[in-house]
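Undergrad: Quick one: this structure, given as C-alpha cells, is what I'll be asking you about.
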Amino acid sequence: MSGRISLLTRGAFTTPMLSVFLIVVIAALSYLGAAAPTLLADGRTSTIQRSVTSLPPLTRWPAATVPGLPEFEAAPEADTWGPVLEALERQRQEQPDPLRGLLGAPRLTIAVDPEPTSVMSDHDAPVPLNKVGLVADTGLADRADLVEGRLPEVTGTDEPIEVVLTEAVAEQLEWPMGTARNWDGATLELTGLVAPSGRDDGDWAFISGSDTPLVEVSASGDRILVAAAFLNVDETAPLVDRVRNVKISSWMPFDTAALDTATAQETAAQLRLLTADPLEVAMYDATFFDRGLAFSSALPQTIDEGVTRGDAMTAVVTVAAVGPIAVALVVLALVSRLIAVRRVVTSRMLRARGASVGRLIALLGSEGAVLGVLGAAIGAGAAAVTPGWAGAWVLVAPVILAAVPTVVLPWSALTDAERRGRSDLGEKQGTGSARAALQLLILAVTAVLAVLIIVRGRAGGADPLLLALPVLLGGSGSILSLHLLPVLLRFAERRAARRRSLEALLGPARARRDPVVRTAPVLGVVVGLGVAVFSVAFAATVSEGITRSAEMSVGADARIDAAYITDTAADRIAAIDGVASTAAMRGDSSVDAEASGQTERATMYAVDSADLAAVQQGAAAPLPLPAALAETADEAVPVVVSEALLSRLGIDDPDDAELEVAGTPVRVVATAPSQVPFGTAEQWVIVDAVNAAALGERGTGISQLYLSLTPDADPDAVGSAAVAELGGDAAFETPAGAAAVYEDDPAFGLVQRALAAASALVAVLLAVAVIATLVLGAPSRARMLAILRTLGHPNRAAGRLVAWEVAPALLLALPFGVGAGIAMAWLVIPQLDLRGFVGGTMQPPVALGGALPLLVVAGFALVTAVAVIAATALASRVGMASTIRTDDEERGH
C-alpha cells in the first residue's frame, strides 16, 4: 500500500511547477468557496447592526409613556415601585427568544411635568428662564456618581423637596448647591450634584433635560431652559399632589451587538408583537383613563431595512461570483490538461503492455486526486480557522474543485493517447452536428431566460434564473465571438495576400485551424469583462441612487429642523452669508382623505410653494409645485397628492377624481412619489400656506426651513450657523451628510470589494488561460517554426506568429464582454431591491457609470495584451529539438 501511495505521489509531482500551481489555485478557490457564506453572513450582520446603531437610543430601545401615577406602597416598610418593576420584568421574561435575550432589565421613572422655578426672594440674583420637572428614577444610582453634597431624602409635607441635578444642569440654571427655589407652590432644595458614570449612558436620553437642559423657544422668542431634577425614589407626596401632571415612562435597553442575520427577522417580528400588547399597570387614581404601557420602537422597520440591504448584498455577490467560478473551473481543466499531456506517452506505453483502460483511469485519476484533495484540504482548512465554516455544506465547493483534476487528467490523457495523426493540418470544416446543436441550445436558453426575467418583474433576490444568467451570457458571447472570428480571419488573410509579409499571411491562416483552444480565453474575456462592467453599473446605480435619494430627503442644499422657528428667526437665517434663498414648511397635521366612500388617513403639509419651487430649482428630483398650487381656493382647494395615497384610495385618474381632504373638496394639480423631505409619511397632501386654513391647518410657526446656497458656500458651515441662530433642539441636514450614512454602509462596501475581487480574479484566470492555451499548442507550433527557420525566417518573427493564435480572438471578445455586462446590468439590477441601499422609497434607475465602462475595457485590454505578450514569450521558448523528439517518440509508440 505504501508503495502505491509513493508511486501516486511521485506521479502527481513529476511536473512540479504545474502541480504546485494547480494546488495553489484549488486551495485559493476552496478557501473562497468555504469562507464566502460566513463572510456574507458577517456582512449581513454588520449592516443590520449598523442600521440599528444609527438610531438614537430614544427611538431604538422599546419605550412607553402613559399619563398617571402607578399604584405604590409607601416606604420604608415596602418597595415603593417594586410591583411596577416586577410587572415590567415579567413582560420581558414572557418574550420568546431571541428577543428576551436581547432586551435588558426594564427601567422605570415617575415624572411630574416641568414647571417654572424662581428665586426665593426678590433680593436674590435673577436666574435664567427655566422649567424643571421632578423625576423619581429607579435607576439613577446605577448610572450616576455623586460629585458633591448628598443624595435627596424623603421629606415631610411641610419641608422643602430635596433634589439633585447633574453638574451641567445646575451650571446652566445657575443653581448653587444647598439653595432653594420656588416651584409650583412648593420649595425645591438642591442637596447634591451628580455626573454620568459611564454606565448605562443611553438611559439619560429618556429623561428630557437630565444630562443637559433642553431649550424651548416661546412664541415671543424667549429661550427657556427645560431640565429634570431627581428626587428620592421613595418620595411620593409631590407625585400624589400633582397626579394629573404625572407620567410613567419605561424602556428596555436593546443589545445591538448580539443581533445577527440569523435572528434579525424573527426579532423584528417579536418586537412588533411586543409593541402591539400594552402592559396593564395598576393605577393610583382609579378614575384615570388607563390605556396601559404601550411600548414603541423604530427597531422593527430599521431591522427590516438592514435585512433588505443584506439580501441585496447577498444576491449581487452571488450573481457576480457565478461567472468567475465558471471561468475558474475551465482554467483548472486547462491546467489539468497540461499535466495530462505529460502522461500521453506513458499511457500509450502501458496500453501497449496490456494495461486495461480501467486501471489507467484509476492510476491517472488518483494522481489528479492527490493534487485536488491536497489543494482543497488546504483551502477548506484555512477557511475553518478563519473566518470559520457556516456548516458542513460549504465543503461542496472544495469537493467540486478537487474533482476537476481527478476527472480531467485521465480523460484528457487517454483521449490524446488514442488520437492518431495530425490535428493542426488544414482548417476544420464545421463544428459537428452535436456541437452546433449544443451551441444553438445555449443561445436559445439565454434568450428565453432573458425574456422570463423581464416578464416576471422584480424577484427581490438571487434565484436560479439570475444565477444561470452570467454563465449563459458568457457562453453565448463566446459562441458568437468564435463564430464571427473565422470570417474576420479570412478577411485578414485575403488582405495579407496582397502584401509581402509572411506573418500577415501565415498568422490568420494558422489561427483558423483549431478554434477549440481559444474557447477558454474567450470565455474568460467575455465573462470577466461582463462581471467588471456589471460591477461598475451596480456601483454607479447605487451611488447615483444614494445621491438622488439624499437630495429628495433633504429637499434643498440644506434643511433646518426645529420644534419652532419664528418668522424673525427665519429672516435672520436668510441673512447668513452663503444663503441665496429660503422656503418654509409651516405646518403638518393628520387629515382624512376621502374618495368614492373610501377614507384614508394622510399627512397634510403646508408650504410656501413658490419659495420652495425656487429653492429646489436645479435639484435632481424636485417636487412638482406648479403655480396653480398657490391660487386662491374657490370651489376646490388645489393640492399635490402622493401616488401612494391615490393608490390606496383607488384613484387612477386624479383629474376626474372627486377627492375631499378634511371634509373640503380639493383638486389635484400634481402628483409625486411618496418620498418627500417633510417627513416619512407615504400618504400625504401638500397645500400652499395661503390655502392651508381652508383645510383646517392652523400652523402657528415654521418647523422646517429649506435653504438654497450660493455656489461658493459650505453647506455644513451655513447649517451650523443657522442652528446657532436658533439654539435648542435645532438641527441641520445636507444631501452630502444624508448620503454619507448609506455610502459608509458595510453591505455596500462589502459588495464593492467583492465585485472588485471577482473582476481581479477573472483577470488573473484570463492570463492563466492564455498561457495554458498557447503552451498546449506548443508541439505543432514548434514544428512550424522549425520549418520556417530552415527556410531562413528570422527568429524574432516567431512571437508575432504566436500572438496571432489568441490575440484576434481576445480582441473580438471585448465587445461581447461589454454587451454581456450591460445585459447583466439591465436584467439583474432591476430584480434586486436596492431601496435599502439608497435610503429611499423608490428603486433607483439603472446607471452604467458614464465613461467608467470604457476604462474597464481599457483595463481588460491591457491585461489581455500583457498576458498575450507573456504567453508568447513563454511559448516561443519551447525547444524545437525537444518538441520534435517528443513527437517522434509519440509516433514511435
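Scheme for the C-alpha cells: letters A, B, ... for chains in order shown; per-chain residue numbers from 1; ligand numbers from 1 in order shown.
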Taking the chain letters and numbering used in this document, name the residues of region 507-649 of chain A that DSSP puts in strand (DSSP E), as a PyMOL selection string.
TA: chain A and resi 558-565+579-595+598-607+637-642
Undergrad: May I have all residues of region 306-466 of chain A that DSSP, computed from the backbone, assigns to helix (DSSP H, G or I), given as JSON, numbers by chain?
TA: {"A": [306, 307, 308, 309, 310, 311, 312, 313, 314, 315, 316, 317, 318, 319, 320, 321, 322, 323, 324, 325, 326, 327, 328, 329, 330, 331, 332, 333, 334, 335, 336, 337, 338, 339, 340, 341, 344, 345, 346, 347, 348, 349, 350, 351, 352, 357, 358, 359, 360, 361, 362, 363, 364, 365, 366, 367, 368, 369, 370, 371, 372, 373, 374, 375, 376, 377, 378, 379, 380, 381, 382, 383, 384, 385, 392, 393, 394, 395, 396, 397, 398, 399, 400, 401, 402, 403, 404, 405, 406, 407, 408, 409, 410, 411, 412, 413, 414, 415, 416, 417, 418, 433, 434, 435, 436, 437, 438, 439, 440, 441, 442, 443, 444, 445, 446, 447, 448, 449, 450, 451, 452, 453, 454, 455, 456, 464, 465, 466]}
Undergrad: Next, the residues of the selection above should be written as a short mmCIF file (atom, residue, chain, number, x, y, z; two decimals), in the first residue's frame with C-alpha atoms.
TA:
```
data_model
loop_
_atom_site.label_atom_id
_atom_site.label_comp_id
_atom_site.auth_asym_id
_atom_site.auth_seq_id
_atom_site.Cartn_x
_atom_site.Cartn_y
_atom_site.Cartn_z
CA GLY A 306 -30.93 46.21 7.21
CA VAL A 307 -32.19 42.78 6.19
CA THR A 308 -33.23 44.18 2.81
CA ARG A 309 -29.73 45.56 2.27
CA GLY A 310 -28.25 42.26 3.37
CA ASP A 311 -30.45 40.34 0.93
CA ALA A 312 -29.46 42.63 -1.93
CA MET A 313 -25.79 42.30 -0.94
CA THR A 314 -26.00 38.50 -0.94
CA ALA A 315 -27.82 38.45 -4.26
CA VAL A 316 -25.32 40.73 -6.01
CA VAL A 317 -22.26 38.91 -4.67
CA THR A 318 -23.75 35.51 -5.55
CA VAL A 319 -24.66 36.52 -9.09
CA ALA A 320 -21.27 38.15 -9.66
CA ALA A 321 -19.45 35.08 -8.32
CA VAL A 322 -21.07 32.60 -10.70
CA GLY A 323 -19.13 33.85 -13.74
CA PRO A 324 -15.66 33.70 -12.11
CA ILE A 325 -16.47 30.24 -10.76
CA ALA A 326 -17.26 29.01 -14.28
CA VAL A 327 -14.02 30.52 -15.62
CA ALA A 328 -12.08 29.02 -12.71
CA LEU A 329 -13.36 25.53 -13.49
CA VAL A 330 -12.39 25.94 -17.15
CA VAL A 331 -8.91 27.16 -16.23
CA LEU A 332 -8.43 24.29 -13.78
CA ALA A 333 -9.40 21.93 -16.57
CA LEU A 334 -6.83 23.59 -18.86
CA VAL A 335 -4.03 23.27 -16.32
CA SER A 336 -5.03 19.67 -15.63
CA ARG A 337 -4.82 19.04 -19.36
CA LEU A 338 -1.31 20.50 -19.42
CA ILE A 339 -0.33 17.89 -16.84
CA ALA A 340 -2.17 15.21 -18.80
CA VAL A 341 -0.11 15.97 -21.93
CA VAL A 344 0.29 10.63 -23.02
CA VAL A 345 3.50 8.73 -23.83
CA THR A 346 3.30 6.78 -20.57
CA SER A 347 -0.33 5.90 -21.20
CA ARG A 348 0.44 4.61 -24.69
CA MET A 349 3.29 2.52 -23.35
CA LEU A 350 1.17 0.98 -20.59
CA ARG A 351 -1.65 0.26 -23.03
CA ALA A 352 0.84 -1.46 -25.34
CA VAL A 357 -8.45 1.29 -19.56
CA GLY A 358 -9.98 0.99 -16.08
CA ARG A 359 -6.59 0.60 -14.46
CA LEU A 360 -5.20 3.62 -16.34
CA ILE A 361 -8.22 5.69 -15.31
CA ALA A 362 -7.67 4.68 -11.69
CA LEU A 363 -3.95 5.44 -11.87
CA LEU A 364 -4.27 8.82 -13.60
CA GLY A 365 -7.36 9.78 -11.59
CA SER A 366 -5.53 9.05 -8.36
CA GLU A 367 -2.70 11.34 -9.43
CA GLY A 368 -5.21 14.11 -10.08
CA ALA A 369 -6.96 13.36 -6.78
CA VAL A 370 -3.71 13.78 -4.86
CA LEU A 371 -3.34 17.33 -6.24
CA GLY A 372 -7.03 18.21 -5.98
CA VAL A 373 -7.59 16.87 -2.47
CA LEU A 374 -4.39 18.47 -1.20
CA GLY A 375 -5.37 21.90 -2.55
CA ALA A 376 -8.98 21.55 -1.35
CA ALA A 377 -7.86 20.45 2.12
CA ILE A 378 -5.50 23.42 2.46
CA GLY A 379 -8.17 25.92 1.37
CA ALA A 380 -11.02 24.42 3.40
CA GLY A 381 -8.76 24.06 6.45
CA ALA A 382 -7.72 27.71 6.26
CA ALA A 383 -11.39 28.72 5.99
CA ALA A 384 -12.20 26.61 9.06
CA VAL A 385 -9.61 28.56 11.06
CA ALA A 392 -20.54 21.20 6.58
CA TRP A 393 -22.34 22.02 3.34
CA VAL A 394 -19.67 24.62 2.48
CA LEU A 395 -17.39 21.69 1.57
CA VAL A 396 -19.35 21.28 -1.65
CA ALA A 397 -17.16 23.88 -3.37
CA PRO A 398 -13.81 22.28 -2.35
CA VAL A 399 -15.11 18.84 -3.35
CA ILE A 400 -16.11 20.08 -6.83
CA LEU A 401 -12.75 21.80 -7.28
CA ALA A 402 -10.86 18.69 -6.18
CA ALA A 403 -12.86 16.63 -8.68
CA VAL A 404 -11.70 18.69 -11.67
CA PRO A 405 -8.12 17.29 -11.95
CA THR A 406 -9.40 13.89 -10.82
CA VAL A 407 -11.68 13.74 -13.86
CA VAL A 408 -9.84 15.82 -16.46
CA LEU A 409 -6.39 14.28 -16.07
CA PRO A 410 -7.36 10.67 -17.01
CA TRP A 411 -9.93 11.76 -19.59
CA SER A 412 -7.53 14.12 -21.40
CA ALA A 413 -4.51 11.82 -21.19
CA LEU A 414 -6.36 8.77 -22.53
CA THR A 415 -8.15 10.77 -25.22
CA ASP A 416 -4.84 12.16 -26.54
CA ALA A 417 -3.23 8.72 -26.26
CA GLU A 418 -5.88 7.23 -28.54
CA SER A 433 -23.89 18.46 -35.54
CA ALA A 434 -23.78 17.73 -31.80
CA ARG A 435 -21.69 20.79 -31.03
CA ALA A 436 -23.80 23.00 -33.29
CA ALA A 437 -26.98 21.77 -31.61
CA LEU A 438 -25.48 22.49 -28.16
CA GLN A 439 -24.49 26.00 -29.20
CA LEU A 440 -27.94 26.72 -30.60
CA LEU A 441 -29.46 25.40 -27.40
CA ILE A 442 -27.29 27.72 -25.27
CA LEU A 443 -28.26 30.73 -27.38
CA ALA A 444 -31.94 29.81 -27.25
CA VAL A 445 -31.93 29.20 -23.49
CA THR A 446 -30.16 32.54 -22.94
CA ALA A 447 -32.80 34.39 -24.95
CA VAL A 448 -35.67 32.60 -23.18
CA LEU A 449 -34.10 33.27 -19.79
CA ALA A 450 -33.75 36.99 -20.54
CA VAL A 451 -37.41 37.17 -21.61
CA LEU A 452 -38.55 35.33 -18.47
CA ILE A 453 -36.60 37.69 -16.22
CA ILE A 454 -38.04 40.75 -17.93
CA VAL A 455 -41.62 39.44 -17.92
CA ARG A 456 -41.77 38.25 -14.32
CA PRO A 464 -31.77 30.09 -10.22
CA LEU A 465 -32.65 32.33 -13.16
CA LEU A 466 -30.28 35.08 -12.08
#
```
Undergrad: Which of these residues is nearest to Asp567 (chain A), using only C-alpha atoms: A:Ala692, A:Leu726, A:Val112, A:Ala865?
TA: A:Leu726
Undergrad: Would you list the contacts of region 727-739 of chain A as a count of residues only, taking every protein, DNA or RNA residue within 8 Å and counting only C-alpha atoms, but skipping same-chain residues closer than 4 positions in sequence?
TA: 26
Undergrad: My list of candidates is A:Ile224, A:Val607, A:Leu523, A:Ala390. Which is closest to Pro37 (chain A) when distances are computed with only C-alpha atoms?
TA: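 Ranking A:Ile224, A:Val607, A:Leu523, A:Ala390 by distance to Pro37 (chain A), first place goes to A:Ala390.
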Undergrad: Set the distance at 8 Å and use only C-alpha atoms: which residues neighbour region 642-657 of chain A once local chain neighbours fewer than 5 positions away are removed? I'd like the list as a VMD selection string.
TA: chain A and resid 594 to 595 598 to 600 602 667 to 669 671 to 674 682 to 685
